[in-house]
$ cat structure_3.tsv   # TSV, C-alpha atoms
chain	number	residue	atom	x	y	z
A	11	MET	CA	2.82	-79.03	-29.05
A	12	GLY	CA	5.54	-77.85	-31.44
A	13	PHE	CA	9.17	-77.66	-30.44
A	14	TYR	CA	9.13	-73.85	-30.74
A	15	VAL	CA	6.55	-73.65	-27.97
A	16	ARG	CA	8.34	-76.18	-25.79
A	17	ILE	CA	11.63	-74.32	-26.08
A	18	LYS	CA	9.89	-71.08	-25.10
A	19	GLN	CA	8.21	-72.74	-22.13
A	20	TYR	CA	11.44	-74.10	-20.68
A	21	ALA	CA	13.74	-71.23	-21.72
A	22	THR	CA	14.19	-69.91	-18.18
A	23	GLU	CA	15.32	-73.34	-16.98
A	24	PHE	CA	18.10	-73.91	-19.53
A	25	THR	CA	21.69	-74.25	-18.45
A	26	GLN	CA	24.32	-72.32	-20.38
A	27	ALA	CA	24.99	-75.37	-22.56
A	28	GLU	CA	21.28	-75.96	-23.17
A	29	GLN	CA	20.83	-72.32	-24.17
A	30	LYS	CA	23.54	-72.74	-26.82
A	31	ILE	CA	21.76	-75.83	-28.14
A	32	SER	CA	18.40	-74.03	-28.13
A	33	ASP	CA	19.75	-71.03	-30.03
A	34	TYR	CA	21.39	-73.21	-32.67
A	35	ILE	CA	18.25	-75.29	-33.25
A	36	LEU	CA	16.03	-72.21	-33.58
A	37	GLN	CA	18.40	-70.65	-36.10
A	38	ASN	CA	19.13	-73.83	-38.09
A	39	PRO	CA	16.20	-76.29	-37.81
A	40	GLU	CA	16.59	-77.73	-41.32
A	41	GLU	CA	20.24	-78.47	-40.65
A	42	VAL	CA	19.70	-80.01	-37.21
A	43	ILE	CA	17.35	-82.76	-38.41
A	44	ASN	CA	20.31	-84.33	-40.23
A	45	PHE	CA	22.66	-84.19	-37.23
A	46	SER	CA	23.57	-86.80	-34.67
A	47	ALA	CA	23.70	-85.69	-31.04
A	48	GLN	CA	27.49	-85.59	-31.30
A	49	GLN	CA	27.40	-83.39	-34.41
A	50	LEU	CA	25.07	-80.91	-32.74
A	51	ALA	CA	27.29	-80.96	-29.67
A	52	GLU	CA	30.33	-80.09	-31.79
A	53	ARG	CA	28.51	-77.21	-33.51
A	54	THR	CA	27.39	-75.78	-30.16
A	55	GLU	CA	30.60	-76.54	-28.24
A	56	THR	CA	28.69	-78.64	-25.74
A	57	SER	CA	28.44	-82.42	-25.32
A	58	ALA	CA	26.27	-85.22	-26.67
A	59	ALA	CA	25.02	-85.79	-23.13
A	60	SER	CA	23.90	-82.14	-22.96
A	61	VAL	CA	22.01	-82.56	-26.24
A	62	VAL	CA	20.19	-85.61	-24.86
A	63	ARG	CA	19.42	-83.86	-21.56
A	64	PHE	CA	18.11	-80.86	-23.48
A	65	SER	CA	15.81	-83.10	-25.53
A	66	ARG	CA	14.47	-84.81	-22.42
A	67	LYS	CA	13.91	-81.50	-20.65
A	68	LEU	CA	11.57	-80.59	-23.51
A	69	GLY	CA	9.62	-83.78	-22.90
A	70	PHE	CA	11.10	-85.98	-25.63
A	71	GLY	CA	12.54	-89.45	-25.12
A	72	GLY	CA	15.81	-88.38	-26.71
A	73	PHE	CA	17.37	-86.36	-29.49
A	74	GLY	CA	15.82	-88.63	-32.13
A	75	GLU	CA	12.29	-87.75	-31.00
A	76	LEU	CA	13.17	-84.07	-30.93
A	77	LYS	CA	14.41	-84.26	-34.53
A	78	ILE	CA	11.15	-85.88	-35.61
A	79	GLU	CA	9.19	-83.01	-34.03
A	80	ILE	CA	11.44	-80.45	-35.71
A	81	ALA	CA	10.92	-82.18	-39.06
A	82	LYS	CA	7.13	-82.13	-38.56
A	83	THR	CA	7.22	-78.42	-37.83
A	84	ILE	CA	9.31	-77.71	-40.91
A	85	THR	CA	6.94	-79.80	-43.02
A	86	ASN	CA	3.89	-78.02	-41.63
A	87	ASN	CA	5.45	-74.64	-42.34
A	88	TYR	CA	6.86	-75.24	-45.80
A	89	ASP	CA	5.15	-78.11	-47.65
A	90	ASP	CA	3.72	-76.27	-50.65
A	91	ASN	CA	3.54	-73.26	-48.32
A	92	PHE	CA	-0.23	-73.81	-48.36
A	93	ASP	CA	-2.53	-74.00	-45.37
A	94	ALA	CA	-5.07	-76.64	-46.40
A	95	ILE	CA	-7.33	-76.29	-43.38
A	96	ILE	CA	-10.27	-77.67	-45.36
A	97	SER	CA	-10.79	-80.06	-48.24
A	98	SER	CA	-13.49	-80.25	-50.88
A	99	GLU	CA	-14.99	-83.31	-49.14
A	100	ASP	CA	-15.58	-81.52	-45.82
A	101	SER	CA	-19.11	-80.99	-44.55
A	102	ILE	CA	-20.04	-77.85	-42.63
A	103	ILE	CA	-19.73	-79.93	-39.44
A	104	ASP	CA	-16.18	-80.92	-40.42
A	105	ILE	CA	-15.30	-77.31	-41.12
A	106	THR	CA	-16.69	-76.18	-37.77
A	107	ASP	CA	-14.79	-78.90	-35.91
A	108	LYS	CA	-11.55	-78.02	-37.68
A	109	LEU	CA	-11.92	-74.32	-36.97
A	110	VAL	CA	-12.69	-74.89	-33.30
A	111	ASN	CA	-9.75	-77.27	-32.90
A	112	LYS	CA	-7.46	-74.82	-34.69
A	113	ALA	CA	-8.59	-71.97	-32.43
A	114	VAL	CA	-8.21	-74.03	-29.23
A	115	THR	CA	-4.73	-75.17	-30.27
A	116	SER	CA	-3.74	-71.59	-31.03
A	117	ILE	CA	-4.98	-70.39	-27.63
A	118	LYS	CA	-3.12	-73.12	-25.74
A	119	GLU	CA	0.11	-72.61	-27.66
A	120	THR	CA	-0.12	-68.85	-27.14
A	121	GLN	CA	-0.50	-69.41	-23.41
A	122	GLY	CA	2.59	-71.61	-23.49
A	123	LEU	CA	4.61	-68.87	-25.19
A	124	ILE	CA	3.72	-66.09	-22.77
A	125	ASN	CA	6.62	-64.58	-20.86
A	126	PHE	CA	4.72	-63.18	-17.89
A	127	LYS	CA	7.50	-60.80	-16.87
A	128	ASP	CA	7.39	-59.22	-20.34
A	129	LEU	CA	3.59	-59.21	-20.31
A	130	GLU	CA	3.43	-57.42	-16.95
A	131	GLU	CA	6.01	-54.88	-18.11
A	132	ALA	CA	4.02	-54.25	-21.29
A	133	ILE	CA	0.84	-53.67	-19.27
A	134	ASP	CA	2.68	-51.24	-17.00
A	135	ILE	CA	4.06	-49.33	-20.01
A	136	ILE	CA	0.60	-49.05	-21.58
A	137	ARG	CA	-0.96	-48.01	-18.28
A	138	LYS	CA	1.57	-45.19	-17.80
A	139	ALA	CA	1.67	-44.03	-21.43
A	140	GLU	CA	0.13	-40.70	-22.32
A	141	ASN	CA	-0.98	-42.07	-25.69
A	142	VAL	CA	-1.09	-45.58	-27.16
A	143	TYR	CA	-0.23	-45.71	-30.87
A	144	LEU	CA	-1.20	-48.88	-32.72
A	145	PHE	CA	0.28	-50.06	-36.01
A	146	GLY	CA	-1.06	-52.98	-38.04
A	147	VAL	CA	-2.22	-53.63	-41.59
A	148	GLY	CA	-4.09	-56.41	-43.37
A	149	ALA	CA	-5.45	-59.06	-41.01
A	150	SER	CA	-3.53	-57.49	-38.12
A	151	SER	CA	-5.55	-54.29	-38.62
A	152	LEU	CA	-8.62	-56.17	-37.35
A	153	VAL	CA	-6.77	-56.95	-34.13
A	154	ALA	CA	-5.59	-53.34	-33.83
A	155	MET	CA	-9.14	-52.03	-34.35
A	156	ASP	CA	-10.52	-54.32	-31.66
A	157	PHE	CA	-7.76	-53.27	-29.24
A	158	MET	CA	-8.35	-49.59	-30.02
A	159	TYR	CA	-12.09	-49.94	-29.39
A	160	LYS	CA	-11.54	-51.58	-26.00
A	161	LEU	CA	-8.92	-49.09	-24.82
A	162	ALA	CA	-11.09	-46.17	-25.92
A	163	ARG	CA	-14.00	-47.48	-23.88
A	164	ILE	CA	-11.94	-47.28	-20.67
A	165	ASN	CA	-10.80	-43.74	-21.52
A	166	LYS	CA	-7.28	-44.67	-22.57
A	167	ARG	CA	-6.06	-42.31	-25.27
A	168	VAL	CA	-5.33	-44.44	-28.30
A	169	VAL	CA	-4.39	-43.57	-31.88
A	170	TYR	CA	-4.98	-45.92	-34.80
A	171	PHE	CA	-5.71	-45.46	-38.51
A	172	MET	CA	-6.66	-48.22	-40.94
A	173	ASP	CA	-4.84	-46.38	-43.72
A	174	SER	CA	-1.14	-47.29	-43.63
A	175	HIS	CA	-0.08	-43.83	-44.85
A	176	LEU	CA	-1.96	-42.22	-41.97
A	177	GLN	CA	-0.30	-44.67	-39.59
A	178	LEU	CA	3.07	-43.52	-40.85
A	179	ALA	CA	2.03	-39.88	-40.55
A	180	SER	CA	0.80	-40.37	-36.98
A	181	SER	CA	4.10	-41.94	-35.93
A	182	VAL	CA	5.82	-38.59	-36.50
A	183	HIS	CA	3.87	-37.11	-33.58
A	184	ILE	CA	4.82	-39.77	-31.03
A	185	THR	CA	6.78	-38.61	-27.98
A	186	GLU	CA	8.82	-40.33	-25.28
A	187	LYS	CA	5.68	-40.26	-23.10
A	188	ASP	CA	3.84	-42.56	-25.51
A	189	VAL	CA	3.98	-46.25	-26.40
A	190	ALA	CA	3.97	-47.69	-29.92
A	191	ILE	CA	2.54	-51.17	-30.44
A	192	GLY	CA	3.33	-52.98	-33.68
A	193	ILE	CA	1.06	-55.89	-34.61
A	194	SER	CA	2.40	-58.12	-37.37
A	195	TYR	CA	2.33	-61.91	-37.52
A	196	GLY	CA	5.40	-62.23	-39.73
A	197	GLY	CA	7.13	-59.16	-38.29
A	198	LYS	CA	8.25	-58.07	-41.76
A	199	THR	CA	5.44	-55.71	-42.75
A	200	LYS	CA	7.17	-52.66	-44.20
A	201	GLU	CA	4.46	-50.17	-43.26
A	202	VAL	CA	4.42	-51.30	-39.63
A	203	ASN	CA	8.19	-51.51	-39.24
A	204	GLU	CA	8.74	-48.07	-40.77
A	205	SER	CA	6.25	-46.53	-38.34
A	206	ILE	CA	7.89	-48.34	-35.44
A	207	SER	CA	11.32	-47.10	-36.55
A	208	ILE	CA	10.06	-43.52	-36.40
A	209	ALA	CA	8.55	-44.16	-32.95
A	210	ILE	CA	11.95	-45.37	-31.75
A	211	GLU	CA	13.59	-42.22	-33.11
A	212	LYS	CA	11.06	-40.19	-31.14
A	213	GLY	CA	12.00	-41.99	-27.92
A	214	ALA	CA	8.79	-43.98	-27.41
A	215	ARG	CA	8.73	-47.42	-25.83
A	216	VAL	CA	7.90	-50.13	-28.36
A	217	ILE	CA	5.92	-53.34	-27.93
A	218	ALA	CA	5.64	-55.98	-30.66
A	219	ILE	CA	2.93	-58.61	-31.03
A	220	THR	CA	4.41	-61.05	-33.51
A	221	SER	CA	5.31	-64.69	-34.21
A	222	CYS	CA	7.87	-66.55	-32.11
A	223	ASN	CA	10.35	-66.62	-34.99
A	224	LYS	CA	13.09	-64.00	-34.91
A	225	ASN	CA	12.02	-61.15	-37.20
A	226	PRO	CA	12.72	-57.44	-37.80
A	227	LEU	CA	9.80	-56.20	-35.69
A	228	SER	CA	10.72	-58.26	-32.62
A	229	SER	CA	14.38	-57.28	-32.97
A	230	MET	CA	13.65	-53.54	-32.86
A	231	SER	CA	11.13	-53.68	-30.00
A	232	ASP	CA	11.66	-53.22	-26.27
A	233	ILE	CA	9.23	-56.05	-25.55
A	234	SER	CA	8.12	-58.77	-27.95
A	235	LEU	CA	4.94	-60.66	-27.07
A	236	LYS	CA	4.98	-63.91	-29.02
A	237	VAL	CA	2.30	-65.84	-30.84
A	238	PRO	CA	2.79	-69.35	-32.31
A	239	ASN	CA	4.37	-69.75	-35.72
A	240	ALA	CA	1.42	-71.83	-36.85
A	241	GLU	CA	0.41	-70.58	-40.29
A	242	LYS	CA	1.87	-71.14	-43.73
A	243	GLN	CA	2.74	-68.52	-46.30
A	244	ILE	CA	-0.36	-69.18	-48.43
A	245	ARG	CA	-3.56	-69.47	-46.42
A	246	PHE	CA	-7.32	-69.08	-46.67
A	247	GLY	CA	-7.11	-66.32	-44.07
A	248	ALA	CA	-5.45	-65.35	-40.82
A	249	ILE	CA	-7.16	-67.80	-38.47
A	250	SER	CA	-4.69	-69.07	-35.88
A	251	SER	CA	-2.65	-65.87	-35.90
A	252	ARG	CA	-5.70	-63.64	-35.41
A	253	VAL	CA	-6.95	-65.72	-32.49
A	254	ALA	CA	-3.49	-65.69	-30.90
A	255	GLN	CA	-3.05	-61.94	-31.35
A	256	LEU	CA	-6.48	-61.29	-29.82
A	257	ILE	CA	-5.52	-63.35	-26.76
A	258	ILE	CA	-2.49	-61.08	-26.29
A	259	THR	CA	-4.37	-57.80	-26.83
A	260	ASP	CA	-7.29	-58.88	-24.63
A	261	THR	CA	-4.84	-59.79	-21.86
A	262	LEU	CA	-3.14	-56.40	-22.21
A	263	PHE	CA	-6.54	-54.68	-22.10
A	264	LEU	CA	-7.69	-56.51	-18.97
A	265	GLY	CA	-4.30	-55.98	-17.34
A	266	VAL	CA	-4.65	-52.23	-17.85
A	267	ALA	CA	-8.31	-52.22	-16.80
A	268	ILE	CA	-7.79	-54.11	-13.54
A	269	ASP	CA	-5.61	-51.31	-12.15
A	270	ASN	CA	-8.65	-49.15	-11.40
A	271	LEU	CA	-11.79	-51.21	-11.75
A	272	ASP	CA	-14.21	-48.63	-10.30
A	273	LYS	CA	-13.07	-45.99	-12.78
A	274	VAL	CA	-13.12	-48.52	-15.62
A	275	GLU	CA	-16.65	-49.66	-14.78
A	276	ASN	CA	-17.87	-46.06	-14.84
A	277	SER	CA	-16.19	-45.49	-18.21
A	278	LEU	CA	-17.79	-48.63	-19.63
A	279	LEU	CA	-21.23	-47.59	-18.36
A	280	GLU	CA	-20.88	-44.10	-19.82
A	281	THR	CA	-19.76	-45.35	-23.23
A	282	ARG	CA	-22.57	-47.90	-23.25
A	283	LYS	CA	-25.15	-45.19	-22.52
A	284	ALA	CA	-23.74	-43.03	-25.29
A	285	VAL	CA	-23.94	-45.85	-27.82
A	286	GLU	CA	-27.44	-46.93	-26.73
A	287	LYS	CA	-28.79	-43.52	-27.77
A	288	LEU	CA	-28.22	-44.60	-31.36
A	289	LYS	CA	-30.35	-47.74	-31.04
$ encode --input "structure_3.tsv" --output "structure tokens"
Amino acid sequence: MGFYVRIKQYATEFTQAEQKISDYILQNPEEVINFSAQQLAERTETSAASVVRFSRKLGFGGFGELKIEIAKTITNNYDDNFDAIISSEDSIIDITDKLVNKAVTSIKETQGLINFKDLEEAIDIIRKAENVYLFGVGASSLVAMDFMYKLARINKRVVYFMDSHLQLASSVHITEKDVAIGISYGGKTKEVNESISIAIEKGARVIAITSCNKNPLSSMSDISLKVPNAEKQIRFGAISSRVAQLIITDTLFLGVAIDNLDKVENSLLETRKAVEKLK
């Protein structure tokens, strides 16, 4: 489990000194791997003992082990910026095993990142919203489409367009009674962030589904639901991020649905009957 996930898991248990250490590491990981405990203590105005206690709280034997984990994470994220999930020597069995392991790891790390207070608040906002506006492009559009389909089946009014220009146009009609949900792994997608900015101007509540790194989308949102920072800049496709985002949207969907199961079941039966007429 990467140090990002561990820090998120234990965030509510940090002392004031440990929070300073956590913030500094998250903002300056490349710098920290070259520090001694005393140097990090000086930069954070804490103590070497606090640095060691912080490392042990995360499950490491000491600051040295934490630095090794940070270095691994940096290497995984930046070496050639290429996600070599497969090699030319892999058999189809190897590929299947790798994909399954990658998906399982993504699911577990996503679970570790969940802030349940934020998740419950997000569900409540969606439940009470007059309309749910979704914004996502590229691979994130697949997640948005799936979420739209599920919400529509339980009679939740949802607005989503695959075309980014239509997304931007729809954001103009958002009101303070609605919720805008931005889905972007990197959190820097211009089309999504521009639509979210307009939603904020209109007074809507904003929920982000994005990576655990600090990014523009998470910074402008009321609630940021995090997924692991597990993919490199150049990749075969959005694998881990898509799985992680679907875990979040499925949880939001079920959280909304559970509020009135009888009504939801009737809606699901009615939509199923309507679709079966086409078969």
$ axis_aligned_box --input "structure_3.tsv" --around "stretch 63-69 of chain A" --padding-each-side "3 Å" --output "JSON"
{"center_x": 14.5, "center_y": -82.7, "center_z": -23.1, "size_x": 15.8, "size_y": 10.2, "size_z": 10.9}
$ atom_distance --input "structure_3.tsv" --atom1 "atom CA of A:Ala21" --atom2 "atom CA of A:Asp33"
10.3 Å
$ atom_distance --input "structure_3.tsv" --atom1 "atom CA of A:Arg16" --atom2 "atom CA of A:Asn125"
12.7 Å
$ closest_residue --input "structure_3.tsv" --among "A:Phe13, A:Phe145, A:Tyr20, A:Phe157" --to "A:Ser174" --atoms "all atoms listed in the file"
A:Phe145
$ closest_residue --input "structure_3.tsv" --among "A:Ala149, A:Ile268, A:Ile35, A:Ala154" --to "A:Ile17" --atoms "only C-alpha atoms"
A:Ile35
$ closest_residue --input "structure_3.tsv" --among "A:Val15, A:Ala27, A:Ala59, A:Val142" --to "A:Glu79" --atoms "all atoms listed in the file"
A:Val15
$ closest_residue --input "structure_3.tsv" --among "A:Gly146, A:Val266, A:Ile184, A:Cys222" --to "A:Asn203" --atoms "all atoms listed in the file"
A:Gly146
$ atom_distance --input "structure_3.tsv" --atom1 "atom CA of A:Leu68" --atom2 "atom CA of A:Arg53"
20.0 Å
$ residues_around --input "structure_3.tsv" --residues "A:Glu140" --least-positions-apart "2" --cutoff "12 Å" --atoms "only C-alpha atoms" --output "list in words"
Ile135, Ile136, Arg137, Lys138, Val142, Tyr143, Asn165, Lys166, Arg167, Val168, Val169, Ile184, Thr185, Glu186, Lys187, Asp188, Val189, Ala190, Ala214 and Arg215 of chain A
$ residues_near_point --input "structure_3.tsv" --point "(3.1, -56.3, -41.4)" --cutoff "12 Å" --atoms "only C-alpha atoms" --output "PyMOL selection string"
chain A and resi 145-151+154+174+192-206+218-221+225-228
$ closest_residue --input "structure_3.tsv" --among "A:Ala51, A:Ala267, A:Ala139, A:Leu279" --to "A:Lys30" --atoms "all atoms listed in the file"
A:Ala51
$ residues_around --input "structure_3.tsv" --residues "A:Val61" --least-positions-apart "5" --cutoff "8 Å" --atoms "all atoms listed in the file" --output "PyMOL selection string"
chain A and resi 28+31+47+50-51+56+73
$ closest_residue --input "structure_3.tsv" --among "A:Lys273, A:Lys18, A:His183, A:Lys67" --to "A:Ile164" --atoms "only C-alpha atoms"
A:Lys273
$ closest_atom_pairs --input "structure_3.tsv" --of "stretch 81-161 of chain A" --to "stretch 231-241 of chain A" --cutoff "8 Å" --atoms "only C-alpha atoms" --output "JSON lines"
{"residue": "A:Asn87", "atom": "CA", "partner": "A:Glu241", "partner_atom": "CA", "distance": 6.8}
{"residue": "A:Asp93", "atom": "CA", "partner": "A:Glu241", "partner_atom": "CA", "distance": 6.8}
{"residue": "A:Ser116", "atom": "CA", "partner": "A:Pro238", "partner_atom": "CA", "distance": 7.0}
{"residue": "A:Glu119", "atom": "CA", "partner": "A:Pro238", "partner_atom": "CA", "distance": 6.3}
{"residue": "A:Thr120", "atom": "CA", "partner": "A:Val237", "partner_atom": "CA", "distance": 5.3}
{"residue": "A:Leu123", "atom": "CA", "partner": "A:Lys236", "partner_atom": "CA", "distance": 6.3}
{"residue": "A:Ile124", "atom": "CA", "partner": "A:Lys236", "partner_atom": "CA", "distance": 6.7}
{"residue": "A:Asn125", "atom": "CA", "partner": "A:Leu235", "partner_atom": "CA", "distance": 7.5}
{"residue": "A:Asp128", "atom": "CA", "partner": "A:Ile233", "partner_atom": "CA", "distance": 6.4}
{"residue": "A:Leu129", "atom": "CA", "partner": "A:Leu235", "partner_atom": "CA", "distance": 7.0}
{"residue": "A:Ala132", "atom": "CA", "partner": "A:Ile233", "partner_atom": "CA", "distance": 7.0}
$ residues_around --input "structure_3.tsv" --residues "A:Ile191" --least-positions-apart "5" --cutoff "6 Å" --atoms "all atoms listed in the file" --output "list of chain:residue names"
A:Leu144, A:Val216, A:Ile217, A:Ala218
$ decode --input "structure_3.tsv" --residues "stretch 161-243 of chain A" --atoms "C-alpha atoms" --output "short mmCIF file (atom, residue, chain, number, x, y, z; two decimals), in the first residue's frame"
data_model
loop_
_atom_site.label_atom_id
_atom_site.label_comp_id
_atom_site.auth_asym_id
_atom_site.auth_seq_id
_atom_site.Cartn_x
_atom_site.Cartn_y
_atom_site.Cartn_z
CA LEU A 161 -29.44 7.19 -11.54
CA ALA A 162 -31.95 7.42 -14.40
CA ARG A 163 -33.21 3.92 -13.65
CA ILE A 164 -34.19 4.95 -10.11
CA ASN A 165 -35.94 8.08 -11.40
CA LYS A 166 -33.26 10.54 -10.33
CA ARG A 167 -33.13 13.46 -12.75
CA VAL A 168 -29.66 13.46 -14.23
CA VAL A 169 -28.07 15.49 -17.02
CA TYR A 170 -25.02 14.31 -18.95
CA PHE A 171 -23.73 14.82 -22.50
CA MET A 172 -20.79 13.01 -24.07
CA ASP A 173 -19.97 16.12 -26.10
CA SER A 174 -17.83 18.48 -24.01
CA HIS A 175 -19.36 21.58 -25.63
CA LEU A 176 -22.83 20.41 -24.64
CA GLN A 177 -21.56 19.76 -21.12
CA LEU A 178 -20.39 23.35 -20.96
CA ALA A 179 -23.70 24.58 -22.35
CA SER A 180 -25.69 22.54 -19.83
CA SER A 181 -23.72 23.99 -16.91
CA VAL A 182 -25.23 27.41 -17.65
CA HIS A 183 -28.66 26.09 -16.62
CA ILE A 184 -27.60 24.73 -13.23
CA THR A 185 -29.26 26.28 -10.17
CA GLU A 186 -28.56 26.29 -6.45
CA LYS A 187 -31.02 23.38 -6.13
CA ASP A 188 -28.78 21.13 -8.25
CA VAL A 189 -25.50 19.31 -7.73
CA ALA A 190 -22.59 19.24 -10.18
CA ILE A 191 -20.29 16.22 -10.16
CA GLY A 192 -16.92 16.50 -11.89
CA ILE A 193 -15.18 13.24 -12.79
CA SER A 194 -11.52 13.60 -13.73
CA TYR A 195 -8.63 11.39 -12.68
CA GLY A 196 -5.99 14.10 -12.97
CA GLY A 197 -8.33 16.92 -11.96
CA LYS A 198 -6.89 19.20 -14.64
CA THR A 199 -9.29 18.57 -17.52
CA LYS A 200 -10.12 22.02 -18.88
CA GLU A 201 -13.58 21.12 -20.17
CA VAL A 202 -14.63 19.64 -16.83
CA ASN A 203 -13.15 22.40 -14.69
CA GLU A 204 -14.71 25.16 -16.79
CA SER A 205 -18.14 23.55 -16.44
CA ILE A 206 -17.63 23.16 -12.70
CA SER A 207 -16.58 26.81 -12.41
CA ILE A 208 -19.86 27.86 -14.02
CA ALA A 209 -21.79 25.54 -11.67
CA ILE A 210 -20.13 27.25 -8.71
CA GLU A 211 -21.11 30.66 -10.07
CA LYS A 212 -24.70 29.42 -10.28
CA GLY A 213 -24.64 28.41 -6.60
CA ALA A 214 -24.72 24.62 -7.04
CA ARG A 215 -22.98 22.23 -4.67
CA VAL A 216 -19.97 20.58 -6.29
CA ILE A 217 -18.59 17.06 -5.83
CA ALA A 218 -15.30 15.91 -7.37
CA ILE A 219 -14.24 12.34 -8.10
CA THR A 220 -10.52 12.64 -8.67
CA SER A 221 -7.06 11.39 -7.67
CA CYS A 222 -5.71 11.87 -4.15
CA ASN A 223 -3.15 14.41 -5.35
CA LYS A 224 -4.04 18.05 -4.85
CA ASN A 225 -5.42 19.37 -8.13
CA PRO A 226 -7.60 22.20 -9.49
CA LEU A 227 -10.82 20.16 -9.51
CA SER A 228 -10.50 19.02 -5.89
CA SER A 229 -9.56 22.53 -4.78
CA MET A 230 -12.72 24.10 -6.23
CA SER A 231 -15.14 21.41 -5.00
CA ASP A 232 -17.20 21.27 -1.82
CA ILE A 233 -16.45 17.57 -1.46
CA SER A 234 -13.61 15.65 -3.08
CA LEU A 235 -13.94 11.87 -3.24
CA LYS A 236 -10.48 10.45 -3.79
CA VAL A 237 -9.17 7.62 -5.93
CA PRO A 238 -5.58 6.30 -5.79
CA ASN A 239 -2.85 8.06 -7.74
CA ALA A 240 -1.90 4.79 -9.39
CA GLU A 241 -1.46 5.47 -13.10
CA LYS A 242 1.34 7.05 -15.07
CA GLN A 243 1.07 9.82 -17.62
#
